[in-house]
Each structure stands twice: as C-alpha cells, then as structure tokens.
$ cat input.pdb   # PDB, C-alpha atoms
ATOM      1  CA  MET X   2       4.308   7.532 -39.704
ATOM      2  CA  ASN X   3       2.242  10.646 -39.126
ATOM      3  CA  ASN X   4       3.486  13.718 -41.021
ATOM      4  CA  LEU X   5       2.199  16.293 -38.578
ATOM      5  CA  ARG X   6       4.568  19.007 -37.473
ATOM      6  CA  LEU X   7       4.353  21.762 -34.955
ATOM      7  CA  VAL X   8       3.969  25.134 -36.640
ATOM      8  CA  GLU X   9       5.530  28.154 -35.031
ATOM      9  CA  HIS X  10       3.066  30.939 -34.330
ATOM     10  CA  ASP X  11       4.976  33.310 -36.623
ATOM     11  CA  ASP X  12       4.963  30.777 -39.493
ATOM     12  CA  GLU X  13       1.262  30.157 -39.108
ATOM     13  CA  ASN X  14       0.238  33.550 -40.454
ATOM     14  CA  GLU X  15       2.955  33.713 -43.099
ATOM     15  CA  ASP X  16       0.736  32.701 -46.025
ATOM     16  CA  ALA X  17      -2.546  33.828 -44.507
ATOM     17  CA  ALA X  18      -4.725  36.031 -46.672
ATOM     18  CA  GLU X  19      -7.976  37.500 -45.534
ATOM     19  CA  VAL X  20     -10.968  35.623 -46.906
ATOM     20  CA  THR X  21     -13.562  38.101 -48.083
ATOM     21  CA  TRP X  22     -17.216  37.363 -48.693
ATOM     22  CA  GLU X  23     -16.542  37.330 -52.454
ATOM     23  CA  ASP X  24     -13.698  34.841 -51.983
ATOM     24  CA  GLN X  25     -15.955  32.596 -49.925
ATOM     25  CA  GLN X  26     -18.591  32.765 -52.671
ATOM     26  CA  ARG X  27     -15.944  31.727 -55.236
ATOM     27  CA  ILE X  28     -14.882  28.819 -53.024
ATOM     28  CA  ASN X  29     -18.509  27.744 -52.583
ATOM     29  CA  THR X  30     -19.135  28.002 -56.325
ATOM     30  CA  PHE X  31     -16.023  25.921 -57.010
ATOM     31  CA  SER X  32     -17.258  23.282 -54.560
ATOM     32  CA  LYS X  33     -20.701  23.150 -56.208
ATOM     33  CA  LEU X  34     -19.128  22.875 -59.649
ATOM     34  CA  ASN X  35     -16.790  20.140 -58.426
ATOM     35  CA  ASN X  36     -19.738  18.123 -57.083
ATOM     36  CA  ARG X  37     -21.666  18.695 -60.307
ATOM     37  CA  MET X  38     -18.623  17.607 -62.309
ATOM     38  CA  ARG X  39     -18.329  14.362 -60.346
ATOM     39  CA  SER X  40     -22.015  13.659 -60.888
ATOM     40  CA  LEU X  41     -21.702  14.351 -64.618
ATOM     41  CA  GLU X  42     -18.663  12.073 -64.858
ATOM     42  CA  ASP X  43     -20.621   9.269 -63.174
ATOM     43  CA  LYS X  44     -23.543   9.750 -65.577
ATOM     44  CA  LEU X  45     -21.166   9.871 -68.554
ATOM     45  CA  HIS X  46     -19.522   6.636 -67.457
ATOM     46  CA  GLU X  47     -22.909   4.957 -67.061
ATOM     47  CA  LEU X  48     -24.101   6.165 -70.476
ATOM     48  CA  GLN X  49     -20.857   5.038 -72.122
ATOM     49  CA  GLN X  50     -21.394   1.558 -70.706
ATOM     50  CA  THR X  51     -24.947   1.608 -72.071
ATOM     51  CA  LYS X  52     -23.609   2.714 -75.456
ATOM     52  CA  GLU X  53     -21.153  -0.183 -75.479
ATOM     53  CA  ALA X  54     -24.007  -2.560 -74.678
ATOM     54  CA  LEU X  55     -26.093  -1.124 -77.530
ATOM     55  CA  ASP X  56     -23.134  -1.433 -79.899
ATOM     56  CA  ASP X  57     -22.745  -5.083 -78.889
ATOM     57  CA  LEU X  58     -26.467  -5.584 -79.425
ATOM     58  CA  ALA X  59     -26.220  -4.042 -82.905
ATOM     59  CA  THR X  60     -23.486  -6.544 -83.771
ATOM     60  CA  GLU X  61     -25.586  -9.429 -82.461
ATOM     61  CA  LEU X  62     -28.674  -8.292 -84.364
ATOM     62  CA  GLU X  63     -26.700  -8.070 -87.596
ATOM     63  CA  LEU X  64     -25.796 -11.734 -87.159
ATOM     64  CA  ALA X  65     -29.310 -12.828 -86.140
ATOM     65  CA  ASP X  66     -31.808 -14.446 -88.480
ATOM     66  CA  GLU X  67     -34.143 -11.782 -89.872
ATOM     67  CA  ASP X  68     -37.160 -14.115 -89.842
ATOM     68  CA  GLU X  69     -37.094 -14.720 -86.096
ATOM     69  CA  SER X  70     -38.334 -12.343 -83.428
ATOM     70  CA  VAL X  71     -35.825 -11.063 -80.913
ATOM     71  CA  LEU X  72     -36.050 -10.073 -77.277
ATOM     72  CA  TYR X  73     -35.546  -6.323 -76.871
ATOM     73  CA  LYS X  74     -35.304  -4.587 -73.518
ATOM     74  CA  VAL X  75     -37.744  -1.730 -73.047
ATOM     75  CA  GLY X  76     -37.446  -0.195 -69.595
ATOM     76  CA  GLU X  77     -37.237  -3.126 -67.197
ATOM     77  CA  THR X  78     -38.943  -5.689 -69.415
ATOM     78  CA  PHE X  79     -38.021  -7.665 -72.506
ATOM     79  CA  LEU X  80     -40.424  -7.740 -75.433
ATOM     80  CA  HIS X  81     -40.520 -10.021 -78.460
ATOM     81  CA  MET X  82     -40.113  -7.892 -81.589
ATOM     82  CA  PRO X  83     -39.649  -8.622 -85.251
ATOM     83  CA  HIS X  84     -36.013  -8.251 -86.301
ATOM     84  CA  ASN X  85     -36.524  -5.169 -88.496
ATOM     85  CA  ARG X  86     -38.522  -3.372 -85.793
ATOM     86  CA  ALA X  87     -35.819  -4.163 -83.221
ATOM     87  CA  MET X  88     -33.165  -2.729 -85.574
ATOM     88  CA  LYS X  89     -35.164   0.508 -85.991
ATOM     89  CA  ARG X  90     -35.674   0.719 -82.243
ATOM     90  CA  LEU X  91     -31.973   0.138 -81.661
ATOM     91  CA  GLU X  92     -31.017   2.909 -84.104
ATOM     92  CA  ARG X  93     -33.396   5.312 -82.364
ATOM     93  CA  ASP X  94     -32.079   4.338 -78.908
ATOM     94  CA  GLN X  95     -28.488   4.832 -80.104
ATOM     95  CA  ALA X  96     -29.329   8.285 -81.497
ATOM     96  CA  VAL X  97     -30.996   9.334 -78.227
ATOM     97  CA  LEU X  98     -28.010   8.028 -76.262
ATOM     98  CA  ASP X  99     -25.552   9.880 -78.508
ATOM     99  CA  ASP X 100     -27.501  13.109 -77.930
ATOM    100  CA  LYS X 101     -27.399  12.581 -74.161
ATOM    101  CA  LEU X 102     -23.666  11.853 -74.258
ATOM    102  CA  SER X 103     -23.043  14.984 -76.299
ATOM    103  CA  SER X 104     -25.152  17.122 -73.966
ATOM    104  CA  LEU X 105     -23.481  15.792 -70.822
ATOM    105  CA  GLY X 106     -20.072  16.184 -72.419
ATOM    106  CA  SER X 107     -20.680  19.855 -73.193
ATOM    107  CA  ARG X 108     -22.062  20.467 -69.679
ATOM    108  CA  SER X 109     -18.970  18.782 -68.250
ATOM    109  CA  ASP X 110     -16.714  20.960 -70.422
ATOM    110  CA  ASP X 111     -18.550  24.101 -69.273
ATOM    111  CA  CYS X 112     -18.124  23.113 -65.617
ATOM    112  CA  GLN X 113     -14.443  22.376 -66.144
ATOM    113  CA  LYS X 114     -13.887  25.732 -67.856
ATOM    114  CA  GLU X 115     -15.600  27.635 -65.033
ATOM    115  CA  MET X 116     -13.675  25.635 -62.398
ATOM    116  CA  ASN X 117     -10.383  26.469 -64.123
ATOM    117  CA  GLU X 118     -11.243  30.180 -64.073
ATOM    118  CA  LEU X 119     -12.054  30.002 -60.365
ATOM    119  CA  LYS X 120      -8.834  28.070 -59.680
ATOM    120  CA  VAL X 121      -6.767  30.794 -61.319
ATOM    121  CA  ALA X 122      -8.444  33.524 -59.271
ATOM    122  CA  LEU X 123      -8.287  31.616 -55.976
ATOM    123  CA  TYR X 124      -4.717  30.388 -56.381
ATOM    124  CA  ALA X 125      -3.644  33.919 -57.341
ATOM    125  CA  LYS X 126      -4.957  35.221 -54.031
ATOM    126  CA  PHE X 127      -4.321  32.319 -51.648
ATOM    127  CA  GLY X 128      -1.401  30.460 -53.233
ATOM    128  CA  ARG X 129      -0.414  27.387 -51.228
ATOM    129  CA  ALA X 130      -2.937  28.179 -48.493
ATOM    130  CA  ILE X 131      -5.773  26.678 -50.549
ATOM    131  CA  ASN X 132      -6.019  23.266 -52.198
ATOM    132  CA  LEU X 133      -8.470  22.956 -55.071
ATOM    133  CA  ASP X 134      -7.119  19.708 -56.519
ATOM    134  CA  GLU X 135      -8.577  16.335 -55.794
TER     135      GLU X 135
END
$ encode --input "input.pdb" --output "structure tokens"
Amino acid sequence: MNNLRLVEHDDENEDAAEVTWEDQQRINTFSKLNNRMRSLEDKLHELQQTKEALDDLATELELADEDESVLYKVGETFLHMPHNRAMKRLERDQAVLDDKLSSLGSRSDDCQKEMNELKVALYAKFGRAINLDE
C-alpha cells in the first residue's frame, strides 16, 4: 500500500544540487506567486458566478413589466427601484464587473508567466529533485 522505499546512501546524493541563496529566493518567489495565483483563481471564479447572476438578472428584467418597480440588491439589502433605473444600474454593475474580471485575468496571466520562467530556471538546475507542479 505504501510506496516508500529504502534509498541507498549513494543514490541519495545522485541528483542533489547545492541550493544557493539565489535558488532559495527563486523557490520562495515561486511559492508566493503560486499562492497569489490560487487566490486570484478563487476571486475570478467568484466574480464569474456574480457575472452569471447579473446576466440572468438582465434577462429577467427584459421580461419584466416596465411600469412596476423591481427589487435590486445593493450591498446586502434589496431596494425598490423603477425598472429603467434598475436597468441602468445593472448595466453599470456589469461594466464594473467586466473591468474587475479583465484586471484579475491580466494579473493571473502575469503571475503564470513569471511562474513559468521560474519553473524553467529551477527545473534546469534541480531536475527531478524539485517538484513545482500541483
């Protein structure tokens, strides 16, 4: 069941490379970027769910009677708003959300690019002795 094996003393140092201070800084930077990337992915997922909810709301408002007021969520509360005002508010909220999604997406891409550069450098030096994949 357990895949542990006894490593001969000679085999133990076979792939060992000395870890310099610069290498350790690269490893630490990779770790920070990896944590940041996970956080950004969580935020992106949350914002995408919010975007889907706003898209569903837009569909519902298009079908609603324009003479009646609608309940619109602002923060943690729901307010009665005239239909046209709710539509304008929805458009503004969608634009703000799209900007946030774009910004987080570019930050995520930047992190991924920097992580890939660090992976190349670290794998070149340490080979199989280091694991940078999740």
$ residues_near_point --input "input.pdb" --point "(-2.4, 32.3, -53.3)" --cutoff "12 Å" --atoms "all atoms listed in the file" --output "NGL selection string"
:X and (15-20 or 24 or 120-133)
$ atom_distance --input "input.pdb" --atom1 "atom CA of X:Glu53" --atom2 "atom CA of X:Gln95"
10.0 Å
$ atom_distance --input "input.pdb" --atom1 "atom CA of X:Asp57" --atom2 "atom CA of X:Leu41"
24.1 Å
$ residues_around --input "input.pdb" --residues "X:Lys89" --least-positions-apart "5" --cutoff "12 Å" --atoms "only C-alpha atoms" --output "PyMOL selection string"
chain X and resi 59+62+73+82-84+94-96
$ atom_distance --input "input.pdb" --atom1 "atom CA of X:Arg39" --atom2 "atom CA of X:Lys101"
16.6 Å
$ resolve_selection --input "input.pdb" --expression "the PyMOL selection byres ((chain X and resi 30-36) around 9)" --output "list in words"
Gln25, Gln26, Arg27, Ile28, Asn29, Arg37, Met38, Arg39, Ser40, Leu41, Cys112, Gln113, Glu115, Met116, Leu119, Lys120 and Leu133 of chain X
$ closest_residue --input "input.pdb" --among "X:Leu64, X:Leu58, X:Leu72, X:Leu48" --to "X:Leu102" --atoms "only C-alpha atoms"
X:Leu48
$ closest_residue --input "input.pdb" --among "X:Lys114, X:Lys74, X:Leu91, X:Arg86" --to "X:Thr60" --atoms "all atoms listed in the file"
X:Leu91
$ closest_residue --input "input.pdb" --among "X:Asp56, X:Glu69, X:Asp111, X:Asp134" --to "X:Leu98" --atoms "only C-alpha atoms"
X:Asp56
$ build_atoms --input "input.pdb" --residues "stretch 107-124 of chain X" --atoms "N, CA and C atoms" --output "short mmCIF file (atom, residue, chain, number, x, y, z; two decimals), in the coordinates of the input"
data_model
loop_
_atom_site.label_atom_id
_atom_site.label_comp_id
_atom_site.auth_asym_id
_atom_site.auth_seq_id
_atom_site.Cartn_x
_atom_site.Cartn_y
_atom_site.Cartn_z
N SER X 107 -20.81 18.39 -73.12
CA SER X 107 -20.68 19.86 -73.19
C SER X 107 -20.91 20.49 -71.83
N ARG X 108 -21.86 19.95 -71.04
CA ARG X 108 -22.06 20.47 -69.68
C ARG X 108 -20.82 20.24 -68.82
N SER X 109 -20.19 19.09 -68.98
CA SER X 109 -18.97 18.78 -68.25
C SER X 109 -17.85 19.74 -68.66
N ASP X 110 -17.73 20.02 -69.94
CA ASP X 110 -16.71 20.96 -70.42
C ASP X 110 -16.95 22.36 -69.87
N ASP X 111 -18.22 22.78 -69.83
CA ASP X 111 -18.55 24.10 -69.27
C ASP X 111 -18.17 24.20 -67.79
N CYS X 112 -18.49 23.14 -67.04
CA CYS X 112 -18.12 23.11 -65.62
C CYS X 112 -16.61 23.18 -65.45
N GLN X 113 -15.90 22.41 -66.25
CA GLN X 113 -14.44 22.38 -66.14
C GLN X 113 -13.85 23.74 -66.46
N LYS X 114 -14.39 24.41 -67.47
CA LYS X 114 -13.89 25.73 -67.86
C LYS X 114 -14.10 26.73 -66.72
N GLU X 115 -15.30 26.71 -66.13
CA GLU X 115 -15.60 27.64 -65.03
C GLU X 115 -14.74 27.32 -63.80
N MET X 116 -14.53 26.02 -63.53
CA MET X 116 -13.68 25.64 -62.40
C MET X 116 -12.24 26.12 -62.62
N ASN X 117 -11.75 26.01 -63.84
CA ASN X 117 -10.38 26.47 -64.12
C ASN X 117 -10.25 27.97 -63.90
N GLU X 118 -11.27 28.73 -64.29
CA GLU X 118 -11.24 30.18 -64.07
C GLU X 118 -11.22 30.51 -62.58
N LEU X 119 -12.04 29.78 -61.81
CA LEU X 119 -12.05 30.00 -60.36
C LEU X 119 -10.73 29.59 -59.72
N LYS X 120 -10.13 28.50 -60.21
CA LYS X 120 -8.83 28.07 -59.68
C LYS X 120 -7.79 29.16 -59.86
N VAL X 121 -7.75 29.75 -61.04
CA VAL X 121 -6.77 30.79 -61.32
C VAL X 121 -6.94 31.95 -60.34
N ALA X 122 -8.18 32.39 -60.16
CA ALA X 122 -8.44 33.52 -59.27
C ALA X 122 -8.12 33.18 -57.82
N LEU X 123 -8.51 31.99 -57.38
CA LEU X 123 -8.29 31.62 -55.98
C LEU X 123 -6.82 31.32 -55.69
N TYR X 124 -6.14 30.64 -56.59
CA TYR X 124 -4.72 30.39 -56.38
C TYR X 124 -3.91 31.68 -56.44
#
